[in-house]
>>> print(open('structure-v2.cif').read())   # mmCIF, C-alpha atoms
data_upload
#
loop_
_atom_site.label_atom_id
_atom_site.label_comp_id
_atom_site.auth_asym_id
_atom_site.auth_seq_id
_atom_site.Cartn_x
_atom_site.Cartn_y
_atom_site.Cartn_z
CA MET Y 55 0.00 0.00 0.00
CA SER Y 56 2.91 2.32 0.64
CA THR Y 57 3.81 2.08 -3.02
CA THR Y 58 0.37 3.32 -4.05
CA ILE Y 59 0.89 6.41 -1.93
CA ASP Y 60 4.39 6.90 -3.29
CA ILE Y 61 3.38 7.04 -6.89
CA PRO Y 62 0.97 9.99 -6.80
CA GLU Y 63 3.36 11.84 -4.47
CA SER Y 64 6.29 11.45 -6.82
CA SER Y 65 4.17 12.51 -9.76
CA LYS Y 66 3.16 15.60 -7.81
CA VAL Y 67 6.79 16.39 -7.14
CA VAL Y 68 7.54 16.07 -10.80
CA LYS Y 69 4.67 18.40 -11.61
CA GLY Y 70 5.86 20.91 -9.02
CA LYS Y 71 9.34 20.82 -10.49
CA ALA Y 72 7.95 21.39 -13.95
CA VAL Y 73 6.07 24.46 -12.77
CA VAL Y 74 9.11 25.90 -11.01
CA ALA Y 75 11.40 25.13 -13.94
CA ALA Y 76 9.08 26.57 -16.56
CA PRO Y 77 9.74 30.28 -15.92
CA LEU Y 78 13.47 29.60 -16.05
CA ARG Y 79 13.79 27.68 -19.33
CA PRO Y 80 11.26 28.85 -21.95
CA GLY Y 81 10.42 31.91 -19.84
CA GLY Y 82 13.87 33.32 -20.47
CA TRP Y 83 13.19 33.29 -24.19
CA LYS Y 84 9.79 34.97 -23.73
CA LYS Y 85 11.22 37.47 -21.25
CA GLY Y 86 13.87 38.47 -23.77
CA LEU Y 87 11.15 38.97 -26.38
CA ALA Y 88 9.19 41.12 -23.90
CA ILE Y 89 12.25 43.28 -23.17
CA LEU Y 90 12.86 43.67 -26.92
CA ASP Y 91 9.17 44.59 -27.24
CA PHE Y 92 9.64 47.36 -24.67
CA ILE Y 93 12.76 48.74 -26.38
CA LEU Y 94 11.16 48.66 -29.83
CA ARG Y 95 8.12 50.40 -28.39
CA LEU Y 96 10.35 53.25 -27.17
CA GLY Y 97 11.81 53.50 -30.68
CA ALA Y 98 8.36 53.57 -32.22
CA ILE Y 99 7.29 56.35 -29.83
CA ALA Y 100 10.26 58.44 -30.92
CA ALA Y 101 9.55 57.74 -34.59
CA ALA Y 102 5.81 58.49 -34.36
CA LEU Y 103 6.09 61.66 -32.28
CA GLY Y 104 9.07 62.79 -34.33
CA ALA Y 105 7.04 62.34 -37.51
CA ALA Y 106 4.11 64.30 -36.04
CA ALA Y 107 6.38 67.12 -34.85
CA THR Y 108 8.34 67.30 -38.11
CA MET Y 109 5.18 67.44 -40.17
CA GLY Y 110 3.46 69.83 -37.78
CA THR Y 111 6.26 72.39 -37.97
CA SER Y 112 6.64 72.22 -41.76
CA ASP Y 113 6.01 75.72 -43.03
CA GLN Y 114 7.65 77.65 -45.80
CA THR Y 115 6.90 81.10 -47.12
CA LEU Y 116 8.49 82.09 -50.37
CA PRO Y 117 10.49 85.35 -50.28
CA PHE Y 118 8.61 86.91 -53.20
CA PHE Y 119 4.98 87.88 -53.37
CA THR Y 120 2.56 89.66 -55.65
CA GLN Y 121 0.22 92.45 -54.68
CA PHE Y 122 -2.59 90.06 -53.83
CA PHE Y 123 -0.95 86.84 -52.90
CA GLN Y 124 1.92 85.51 -50.87
CA PHE Y 125 3.15 82.01 -51.62
CA GLU Y 126 3.13 79.85 -48.55
CA ALA Y 127 3.06 76.12 -47.98
CA SER Y 128 2.54 74.49 -44.62
CA TYR Y 129 1.08 71.21 -43.42
CA ASP Y 130 -2.25 73.04 -43.30
CA SER Y 131 -2.19 73.19 -47.10
CA PHE Y 132 -3.07 69.51 -47.39
CA THR Y 133 -5.86 67.77 -45.53
CA THR Y 134 -3.78 64.61 -45.76
CA PHE Y 135 -0.96 66.22 -43.81
CA GLN Y 136 -3.36 67.40 -41.10
CA PHE Y 137 -4.64 63.82 -40.85
CA PHE Y 138 -1.01 62.70 -40.67
CA VAL Y 139 -0.18 64.97 -37.72
CA ILE Y 140 -3.29 63.92 -35.79
CA THR Y 141 -2.90 60.17 -36.37
CA MET Y 142 0.83 60.13 -35.67
CA ALA Y 143 0.22 61.96 -32.39
CA LEU Y 144 -2.50 59.40 -31.59
CA VAL Y 145 -0.22 56.48 -32.40
CA GLY Y 146 2.55 58.00 -30.27
CA GLY Y 147 0.11 58.51 -27.41
CA TYR Y 148 -1.16 54.96 -27.66
CA LEU Y 149 2.40 53.61 -27.67
CA VAL Y 150 3.21 55.57 -24.50
CA LEU Y 151 0.08 54.19 -22.83
CA SER Y 152 0.97 50.66 -23.98
CA LEU Y 153 4.33 50.72 -22.14
CA PRO Y 154 2.87 49.52 -18.79
CA PHE Y 155 1.39 46.44 -20.53
CA SER Y 156 4.78 45.75 -22.06
CA VAL Y 157 6.29 45.96 -18.55
CA VAL Y 158 3.69 43.47 -17.32
CA ALA Y 159 4.74 41.14 -20.13
CA ILE Y 160 8.37 41.44 -18.94
CA ILE Y 161 7.44 40.67 -15.32
CA ARG Y 162 5.13 37.80 -16.32
CA PRO Y 163 6.50 36.36 -19.55
CA HIS Y 164 3.91 33.55 -19.60
CA ALA Y 165 0.79 35.67 -19.10
CA VAL Y 166 -1.28 35.65 -22.30
CA GLY Y 167 -3.63 38.49 -21.31
CA PRO Y 168 -1.38 41.56 -21.74
CA ARG Y 169 0.13 40.25 -24.96
CA LEU Y 170 -3.31 39.52 -26.40
CA PHE Y 171 -4.43 43.02 -25.42
CA LEU Y 172 -1.33 44.50 -27.04
CA ILE Y 173 -1.61 42.45 -30.23
CA ILE Y 174 -5.20 43.59 -30.86
CA LEU Y 175 -4.58 47.28 -30.16
CA ASP Y 176 -1.27 47.18 -32.04
CA THR Y 177 -3.12 45.90 -35.10
CA VAL Y 178 -5.64 48.73 -34.93
CA PHE Y 179 -2.96 51.40 -34.53
CA LEU Y 180 -0.78 49.77 -37.19
CA THR Y 181 -3.65 50.28 -39.62
CA LEU Y 182 -4.01 53.90 -38.52
CA ALA Y 183 -0.27 54.58 -38.78
CA THR Y 184 0.05 52.87 -42.17
CA ALA Y 185 -2.93 54.76 -43.55
CA SER Y 186 -1.56 58.16 -42.56
CA ALA Y 187 2.01 57.32 -43.60
CA ALA Y 188 0.95 56.01 -47.01
CA SER Y 189 -1.48 58.83 -47.78
CA ALA Y 190 1.14 61.41 -46.82
CA ALA Y 191 3.65 59.56 -48.98
CA ALA Y 192 1.26 59.74 -51.94
CA VAL Y 193 0.92 63.51 -51.55
CA VAL Y 194 4.67 63.97 -51.05
CA TYR Y 195 5.24 61.97 -54.23
CA LEU Y 196 2.84 64.26 -56.11
CA ALA Y 197 4.57 67.32 -54.65
CA HIS Y 198 7.92 66.01 -55.90
CA ASN Y 199 6.84 64.76 -59.32
CA GLY Y 200 3.53 66.40 -60.10
CA ASP Y 201 1.12 64.75 -62.49
CA GLN Y 202 1.13 65.31 -66.23
CA ASP Y 203 -2.39 64.19 -67.13
CA THR Y 204 -4.11 66.32 -64.53
CA ASN Y 205 -1.74 69.25 -64.94
CA TRP Y 206 -0.70 69.27 -61.29
CA LEU Y 207 2.71 70.90 -61.16
CA ALA Y 208 5.51 69.70 -58.90
CA ILE Y 209 5.87 72.26 -56.13
CA CYS Y 210 9.16 71.00 -54.72
CA ASN Y 211 11.18 73.26 -56.99
CA GLN Y 212 9.70 76.25 -55.19
CA PHE Y 213 9.03 74.79 -51.77
CA GLY Y 214 12.22 72.81 -51.31
CA ASP Y 215 12.44 73.03 -47.52
CA PHE Y 216 8.78 72.17 -47.13
CA CYS Y 217 9.21 69.08 -49.28
CA ALA Y 218 12.34 67.96 -47.44
CA GLN Y 219 10.61 68.29 -44.09
CA THR Y 220 7.45 66.45 -45.10
CA SER Y 221 9.50 63.70 -46.74
CA ALA Y 222 11.48 63.25 -43.52
CA ALA Y 223 8.22 62.99 -41.57
CA VAL Y 224 6.95 60.30 -43.96
CA VAL Y 225 10.17 58.29 -43.61
CA SER Y 226 9.97 58.54 -39.83
CA SER Y 227 6.35 57.38 -39.86
CA PHE Y 228 7.26 54.33 -41.94
CA VAL Y 229 9.88 53.45 -39.31
CA ALA Y 230 7.04 53.43 -36.77
CA VAL Y 231 4.98 51.21 -39.11
CA VAL Y 232 7.79 48.68 -39.50
CA VAL Y 233 8.34 48.57 -35.73
CA LEU Y 234 4.61 48.00 -35.15
CA VAL Y 235 4.63 45.07 -37.60
CA LEU Y 236 7.60 43.59 -35.71
CA LEU Y 237 5.80 44.07 -32.39
CA ILE Y 238 2.73 42.18 -33.64
CA VAL Y 239 4.80 39.31 -35.04
CA MET Y 240 6.77 39.07 -31.78
CA SER Y 241 3.64 39.06 -29.64
CA ALA Y 242 2.05 36.40 -31.87
CA LEU Y 243 5.15 34.21 -31.57
CA ALA Y 244 5.23 34.65 -27.77
CA ILE Y 245 1.57 33.68 -27.47
CA GLY Y 246 1.67 30.86 -29.97
CA LYS Y 247 4.84 28.99 -29.01
CA PRO Y 248 4.72 27.07 -25.72
CA MET G 175 0.85 -4.64 -6.49
CA SER G 176 -2.20 -4.65 -8.72
CA THR G 177 -3.24 -1.28 -7.30
CA THR G 178 0.08 0.28 -8.23
CA ILE G 179 -0.56 -0.76 -11.80
CA ASP G 180 -4.12 0.50 -11.65
CA ILE G 181 -3.26 4.04 -10.68
CA PRO G 182 -1.05 4.99 -13.62
CA GLU G 183 -3.46 3.20 -15.93
CA SER G 184 -6.45 5.13 -14.64
CA SER G 185 -4.54 8.40 -14.87
CA LYS G 186 -3.72 7.54 -18.45
CA VAL G 187 -7.37 6.90 -19.15
CA VAL G 188 -8.26 10.28 -17.68
CA LYS G 189 -5.63 11.94 -19.83
CA GLY G 190 -6.92 10.14 -22.89
CA LYS G 191 -10.44 11.29 -22.10
CA ALA G 192 -9.31 14.87 -21.69
CA VAL G 193 -7.66 14.81 -25.10
CA VAL G 194 -10.76 13.32 -26.71
CA ALA G 195 -13.12 15.71 -24.92
CA ALA G 196 -11.10 18.83 -25.67
CA PRO G 197 -12.05 19.22 -29.35
CA LEU G 198 -15.72 18.94 -28.39
CA ARG G 199 -16.02 21.62 -25.69
CA PRO G 200 -13.72 24.62 -26.30
CA GLY G 201 -12.89 23.33 -29.75
CA GLY G 202 -16.43 24.09 -30.90
CA TRP G 203 -15.85 27.75 -30.15
CA LYS G 204 -12.51 27.76 -31.96
CA LYS G 205 -13.94 25.80 -34.87
CA GLY G 206 -16.68 28.39 -35.27
CA LEU G 207 -14.04 31.11 -35.31
CA ALA G 208 -12.07 29.18 -37.95
CA ILE G 209 -15.17 28.81 -40.14
CA LEU G 210 -15.89 32.54 -39.76
CA ASP G 211 -12.23 33.15 -40.68
CA PHE G 212 -12.72 31.16 -43.89
CA ILE G 213 -15.91 33.04 -44.84
CA LEU G 214 -14.38 36.45 -44.09
CA ARG G 215 -11.36 35.48 -46.16
CA LEU G 216 -13.65 34.80 -49.14
CA GLY G 217 -15.20 38.24 -48.65
CA ALA G 218 -11.78 39.86 -48.47
CA ILE G 219 -10.74 38.11 -51.71
CA ALA G 220 -13.79 39.52 -53.46
CA ALA G 221 -13.14 43.00 -52.05
CA ALA G 222 -9.42 43.03 -52.91
CA LEU G 223 -9.75 41.61 -56.43
CA GLY G 224 -12.81 43.77 -57.07
CA ALA G 225 -10.83 46.84 -56.03
CA ALA G 226 -7.93 45.89 -58.30
CA ALA G 227 -10.25 45.23 -61.26
CA THR G 228 -12.29 48.41 -60.74
CA MET G 229 -9.17 50.53 -60.52
CA GLY G 230 -7.48 48.71 -63.40
CA THR G 231 -10.36 49.35 -65.80
CA SER G 232 -10.80 53.02 -64.86
CA ASP G 233 -10.29 54.98 -68.03
CA GLN G 234 -12.04 58.04 -69.33
CA THR G 235 -11.40 60.06 -72.44
CA LEU G 236 -13.09 63.41 -72.72
CA PRO G 237 -15.18 63.95 -75.87
CA PHE G 238 -13.40 67.17 -76.83
CA PHE G 239 -9.81 67.64 -77.83
CA THR G 240 -7.48 70.28 -79.15
CA GLN G 241 -5.20 70.00 -82.12
CA PHE G 242 -2.29 68.75 -80.03
CA PHE G 243 -3.83 67.13 -77.02
CA GLN G 244 -6.61 64.79 -76.08
CA PHE G 245 -7.76 64.76 -72.49
CA GLU G 246 -7.62 61.30 -71.00
CA ALA G 247 -7.45 59.99 -67.47
CA SER G 248 -6.81 56.38 -66.57
CA TYR G 249 -5.26 54.58 -63.64
CA ASP G 250 -1.97 54.95 -65.54
CA SER G 251 -2.11 58.67 -64.91
CA PHE G 252 -1.15 58.25 -61.25
CA THR G 253 1.72 56.15 -60.01
CA THR G 254 -0.28 55.68 -56.82
CA PHE G 255 -3.09 54.01 -58.73
CA GLN G 256 -0.67 51.66 -60.49
CA PHE G 257 0.71 50.73 -57.06
CA PHE G 258 -2.88 50.23 -55.91
CA VAL G 259 -3.70 47.78 -58.72
CA ILE G 260 -0.53 45.76 -58.15
CA THR G 261 -0.81 45.57 -54.36
CA MET G 262 -4.53 44.78 -54.38
CA ALA G 263 -3.89 41.94 -56.84
CA LEU G 264 -1.08 40.72 -54.57
CA VAL G 265 -3.30 40.86 -51.49
CA GLY G 266 -6.07 39.00 -53.34
CA GLY G 267 -3.59 36.37 -54.48
CA TYR G 268 -2.22 35.93 -50.98
CA LEU G 269 -5.73 35.57 -49.57
CA VAL G 270 -6.53 32.84 -52.12
CA LEU G 271 -3.32 31.01 -51.18
CA SER G 272 -4.13 31.39 -47.47
CA LEU G 273 -7.45 29.53 -47.82
CA PRO G 274 -5.88 26.04 -47.35
CA PHE G 275 -4.36 27.17 -44.04
CA SER G 276 -7.76 28.43 -42.96
CA VAL G 277 -9.19 25.00 -43.84
CA VAL G 278 -6.49 23.34 -41.72
CA ALA G 279 -7.55 25.62 -38.83
CA ILE G 280 -11.15 24.41 -39.29
CA ILE G 281 -10.12 20.73 -39.29
CA ARG G 282 -7.73 21.19 -36.35
CA PRO G 283 -9.13 24.04 -34.25
CA HIS G 284 -6.46 23.57 -31.55
CA ALA G 285 -3.41 23.61 -33.80
CA VAL G 286 -1.42 26.80 -33.18
CA GLY G 287 0.87 26.47 -36.21
CA PRO G 288 -1.48 27.44 -39.07
CA ARG G 289 -3.03 30.30 -37.09
CA LEU G 290 0.39 31.65 -36.18
CA PHE G 291 1.44 31.42 -39.82
CA LEU G 292 -1.74 33.24 -40.87
CA ILE G 293 -1.47 35.96 -38.22
CA ILE G 294 2.08 36.88 -39.30
CA LEU G 295 1.38 36.93 -43.05
CA ASP G 296 -1.98 38.66 -42.48
CA THR G 297 -0.17 41.45 -40.64
CA VAL G 298 2.28 41.93 -43.51
CA PHE G 299 -0.46 42.01 -46.14
CA LEU G 300 -2.66 44.20 -43.95
CA THR G 301 0.14 46.78 -44.04
CA LEU G 302 0.42 46.44 -47.81
CA ALA G 303 -3.34 46.72 -48.34
CA THR G 304 -3.70 49.69 -45.97
CA ALA G 305 -0.80 51.50 -47.61
CA SER G 306 -2.24 51.18 -51.11
CA ALA G 307 -5.80 51.94 -50.00
CA ALA G 308 -4.79 55.05 -48.04
CA SER G 309 -2.45 56.43 -50.70
CA ALA G 310 -5.12 55.94 -53.37
CA ALA G 311 -7.64 57.61 -51.06
CA ALA G 312 -5.32 60.61 -50.69
CA VAL G 313 -5.06 61.00 -54.47
CA VAL G 314 -8.81 60.50 -54.94
CA TYR G 315 -9.39 63.20 -52.32
CA LEU G 316 -7.10 65.56 -54.24
CA ALA G 317 -8.88 64.69 -57.49
CA HIS G 318 -12.20 65.57 -55.88
CA ASN G 319 -11.17 68.70 -54.00
CA GLY G 320 -7.93 69.88 -55.52
CA ASP G 321 -5.54 71.97 -53.47
CA GLN G 322 -5.63 75.72 -53.25
CA ASP G 323 -2.11 76.48 -52.04
CA THR G 324 -0.39 74.41 -54.71
CA ASN G 325 -2.86 75.35 -57.44
CA TRP G 326 -3.81 71.74 -58.16
CA LEU G 327 -7.27 71.85 -59.72
CA ALA G 328 -9.97 69.33 -58.94
CA ILE G 329 -10.35 67.12 -61.99
CA CYS G 330 -13.56 65.40 -60.99
CA ASN G 331 -15.70 68.02 -62.68
CA GLN G 332 -14.27 66.89 -66.00
CA PHE G 333 -13.47 63.27 -65.29
CA GLY G 334 -16.64 62.34 -63.38
CA ASP G 335 -16.76 58.66 -64.34
CA PHE G 336 -13.07 58.20 -63.66
CA CYS G 337 -13.46 59.67 -60.18
CA ALA G 338 -16.51 57.56 -59.40
CA GLN G 339 -14.73 54.39 -60.44
CA THR G 340 -11.53 55.08 -58.52
CA SER G 341 -13.54 56.09 -55.44
CA ALA G 342 -15.43 52.80 -55.60
CA ALA G 343 -12.13 50.91 -55.82
CA VAL G 344 -10.84 52.75 -52.73
CA VAL G 345 -13.99 51.92 -50.76
CA SER G 346 -13.71 48.27 -51.78
CA SER G 347 -10.07 48.16 -50.71
CA PHE G 348 -10.94 49.56 -47.28
CA VAL G 349 -13.46 46.74 -46.90
CA ALA G 350 -10.57 44.32 -47.45
CA VAL G 351 -8.51 46.23 -44.85
CA VAL G 352 -11.26 46.02 -42.23
CA VAL G 353 -11.71 42.30 -42.88
CA LEU G 354 -7.95 41.71 -42.53
CA VAL G 355 -7.96 43.52 -39.16
CA LEU G 356 -10.84 41.28 -38.02
CA LEU G 357 -8.97 38.18 -39.21
CA ILE G 358 -5.88 39.11 -37.18
CA VAL G 359 -7.91 39.85 -34.04
CA MET G 360 -9.80 36.56 -34.40
CA SER G 361 -6.60 34.54 -34.91
CA ALA G 362 -5.02 36.23 -31.89
CA LEU G 363 -8.03 35.40 -29.72
CA ALA G 364 -8.04 31.78 -30.94
CA ILE G 365 -4.34 31.39 -30.14
CA GLY G 366 -4.43 33.25 -26.83
CA LYS G 367 -7.52 31.85 -25.16
CA PRO G 368 -7.26 28.24 -23.93
#
>>> encode(input="structure-v2.cif", output="structure tokens")
Amino acid sequence: MSTTIDIPESSKVVKGKAVVAAPLRPGGWKKGLAILDFILRLGAIAAALGAAATMGTSDQTLPFFTQFFQFEASYDSFTTFQFFVITMALVGGYLVLSLPFSVVAIIRPHAVGPRLFLIILDTVFLTLATASAASAAAVVYLAHNGDQDTNWLAICNQFGDFCAQTSAAVVSSFVAVVVLVLLIVMSALAIGKP
Amino acid sequence: MSTTIDIPESSKVVKGKAVVAAPLRPGGWKKGLAILDFILRLGAIAAALGAAATMGTSDQTLPFFTQFFQFEASYDSFTTFQFFVITMALVGGYLVLSLPFSVVAIIRPHAVGPRLFLIILDTVFLTLATASAASAAAVVYLAHNGDQDTNWLAICNQFGDFCAQTSAAVVSSFVAVVVLVLLIVMSALAIGKP
């Protein structure tokens, strides 16, 4: 009879060991991913807020003017650029607010909840960031090259500084987009793999 | 000694039961999600390929012309619209190729592999689809409203049919984007929840 008691006890010990060992072996891998998630999130915050600030301060007034008109280009000139500033600020704000959840994922590498929460919101804000980055890129492209068939002239010859600044903002926003894609893939891997 | 043999055997039976029972109870919920995934994927295919076809066939020639010039607008007029046609065709093609993986998720609702594969590729193609949809939307907006500061005239007064067709393509592409976001959220929930 003593053997019958021994067997469930030893199996319990094995189970207990498995639970204790789990955070050490595969948890290390997930913890590293969570720390990388946090660092990448900081980079994405810088990229998103930098893009919003760069676009928001873009403003160029040409040094010559006629009696009735002064030539000026700012982000206000294009609705797309206004949308860009607003959405990039939103994405930056969301990323700041998401940092605590990333910290929770570092402290508890095996918890699915915070990563699931992050993956869903990251997807939504990835869509927002991509939409604003791509639409701004389309307008910047038109500003650089113009369009023959519709007789839209390229304005970058006149507004060189304005074009350089908006282009920089678009590049910065695409950095944020790439980082968000990486964040989603990393979260999915951390949830999916045991 | 017979009891010592009984205990591991009975625990094995319980384990076997748990494995058999699992696909019936929570698996039903995941299976439903996988079937919904398949149906939504079909809708996204229709939306993406419809958008590509609508944009690709947009072409309008005005009935009047001068001695040197005939006024014509087609998707070739804008680089953004060419990008739109290519990316939407790519997204549609990817979605068709992803159907078998969705079927695997229906047959094996608890398998993490296919869903993880889908969530990662869905994220990449969501970015592609959103980028082309948003950039085309920015150009369509300019075509409708023009831009005062840069003296780009709205062309939709002249090219009414062209504008209507490209606008329809943009709307259709945003349907595909929304469906892709839903697909990612559903896959994440199916992987994350036990």
>>> atom_distance(input="structure-v2.cif", atom1="CA of Ala343 in chain G", atom2="CA of Asp233 in chain G")
13.0 Å
>>> residues_around(input="structure-v2.cif", residues="Val265 in chain G", least_positions_apart="5", cutoff="7 Å", atoms="all atoms listed in the file", output="list in words")
Ala222, Phe299 and Ala303 of chain G
>>> interface_residues(input="structure-v2.cif", of="chain G", to="chain Y", cutoff="8 Å", atoms="all atoms listed in the file", output="ChimeraX atom specification")
/G:177-178,181,245-247,251-252,254,286-287,290,293-294,297-298,300-301,304-313,321-327,329,355,358-359,362-363,365-367
>>> resolve_selection(input="structure-v2.cif", expression="the PyMOL selection byres ((chain Y and resi 97) around 12)", output="count of residues only")
28
>>> atom_distance(input="structure-v2.cif", atom1="CA of Val314 in chain G", atom2="CA of Cys337 in chain G")
7.1 Å
>>> atom_distance(input="structure-v2.cif", atom1="CA of Ala263 in chain G", atom2="CA of Leu292 in chain G")
18.3 Å
>>> residues_near_point(input="structure-v2.cif", point="(-0.6, 29.4, -45.4)", cutoff="7 Å", atoms="all atoms listed in the file", output="PyMOL selection string")
chain G and resi 271-272+274-275+288+291-292
>>> residues_around(input="structure-v2.cif", residues="Ile161 in chain Y", least_positions_apart="5", cutoff="12 Å", atoms="all atoms listed in the file", output="PyMOL selection string")
chain Y and resi 77+81-82+84-89+92+154-156+168
>>> axis_aligned_box(input="structure-v2.cif", around="range 193-209 of chain Y", padding_each_side="6 Å", output="JSON")
{"center_x": 1.9, "center_y": 67.1, "center_z": -59.1, "size_x": 24.0, "size_y": 22.3, "size_z": 28.1}
>>> build_atoms(input="structure-v2.cif", residues="range 211-222 of chain Y", atoms="N, CA, C and O atoms", output="mmCIF file, in the frame of the given file")
data_model
loop_
_atom_site.group_PDB
_atom_site.id
_atom_site.type_symbol
_atom_site.label_atom_id
_atom_site.label_comp_id
_atom_site.auth_asym_id
_atom_site.auth_seq_id
_atom_site.Cartn_x
_atom_site.Cartn_y
_atom_site.Cartn_z
ATOM 1 N N ASN Y 211 10.168 72.329 -56.494
ATOM 2 C CA ASN Y 211 11.180 73.260 -56.990
ATOM 3 C C ASN Y 211 11.105 74.575 -56.224
ATOM 4 O O ASN Y 211 12.134 75.181 -55.902
ATOM 5 N N GLN Y 212 9.859 75.007 -55.946
ATOM 6 C CA GLN Y 212 9.700 76.250 -55.190
ATOM 7 C C GLN Y 212 9.812 76.012 -53.689
ATOM 8 O O GLN Y 212 10.526 76.706 -52.991
ATOM 9 N N PHE Y 213 9.093 75.018 -53.215
ATOM 10 C CA PHE Y 213 9.030 74.790 -51.770
ATOM 11 C C PHE Y 213 9.981 73.661 -51.361
ATOM 12 O O PHE Y 213 9.547 72.614 -50.875
ATOM 13 N N GLY Y 214 11.247 73.863 -51.570
ATOM 14 C CA GLY Y 214 12.220 72.810 -51.310
ATOM 15 C C GLY Y 214 12.286 72.382 -49.856
ATOM 16 O O GLY Y 214 12.273 71.196 -49.539
ATOM 17 N N ASP Y 215 12.344 73.365 -48.947
ATOM 18 C CA ASP Y 215 12.440 73.030 -47.520
ATOM 19 C C ASP Y 215 11.190 72.312 -47.043
ATOM 20 O O ASP Y 215 11.263 71.351 -46.265
ATOM 21 N N PHE Y 216 10.049 72.789 -47.511
ATOM 22 C CA PHE Y 216 8.780 72.170 -47.130
ATOM 23 C C PHE Y 216 8.759 70.703 -47.542
ATOM 24 O O PHE Y 216 8.387 69.822 -46.764
ATOM 25 N N CYS Y 217 9.204 70.446 -48.775
ATOM 26 C CA CYS Y 217 9.210 69.080 -49.280
ATOM 27 C C CYS Y 217 10.168 68.194 -48.506
ATOM 28 O O CYS Y 217 9.861 67.046 -48.181
ATOM 29 N N ALA Y 218 11.356 68.751 -48.182
ATOM 30 C CA ALA Y 218 12.340 67.960 -47.440
ATOM 31 C C ALA Y 218 11.787 67.578 -46.072
ATOM 32 O O ALA Y 218 11.936 66.438 -45.607
ATOM 33 N N GLN Y 219 11.120 68.542 -45.429
ATOM 34 C CA GLN Y 219 10.610 68.290 -44.090
ATOM 35 C C GLN Y 219 9.479 67.262 -44.090
ATOM 36 O O GLN Y 219 9.449 66.354 -43.247
ATOM 37 N N THR Y 220 8.558 67.401 -45.044
ATOM 38 C CA THR Y 220 7.450 66.450 -45.100
ATOM 39 C C THR Y 220 7.956 65.052 -45.480
ATOM 40 O O THR Y 220 7.456 64.049 -44.963
ATOM 41 N N SER Y 221 8.946 64.996 -46.374
ATOM 42 C CA SER Y 221 9.500 63.700 -46.740
ATOM 43 C C SER Y 221 10.130 63.022 -45.531
ATOM 44 O O SER Y 221 9.955 61.816 -45.310
ATOM 45 N N ALA Y 222 10.859 63.815 -44.722
ATOM 46 C CA ALA Y 222 11.480 63.250 -43.520
ATOM 47 C C ALA Y 222 10.406 62.704 -42.582
ATOM 48 O O ALA Y 222 10.567 61.632 -41.986
#
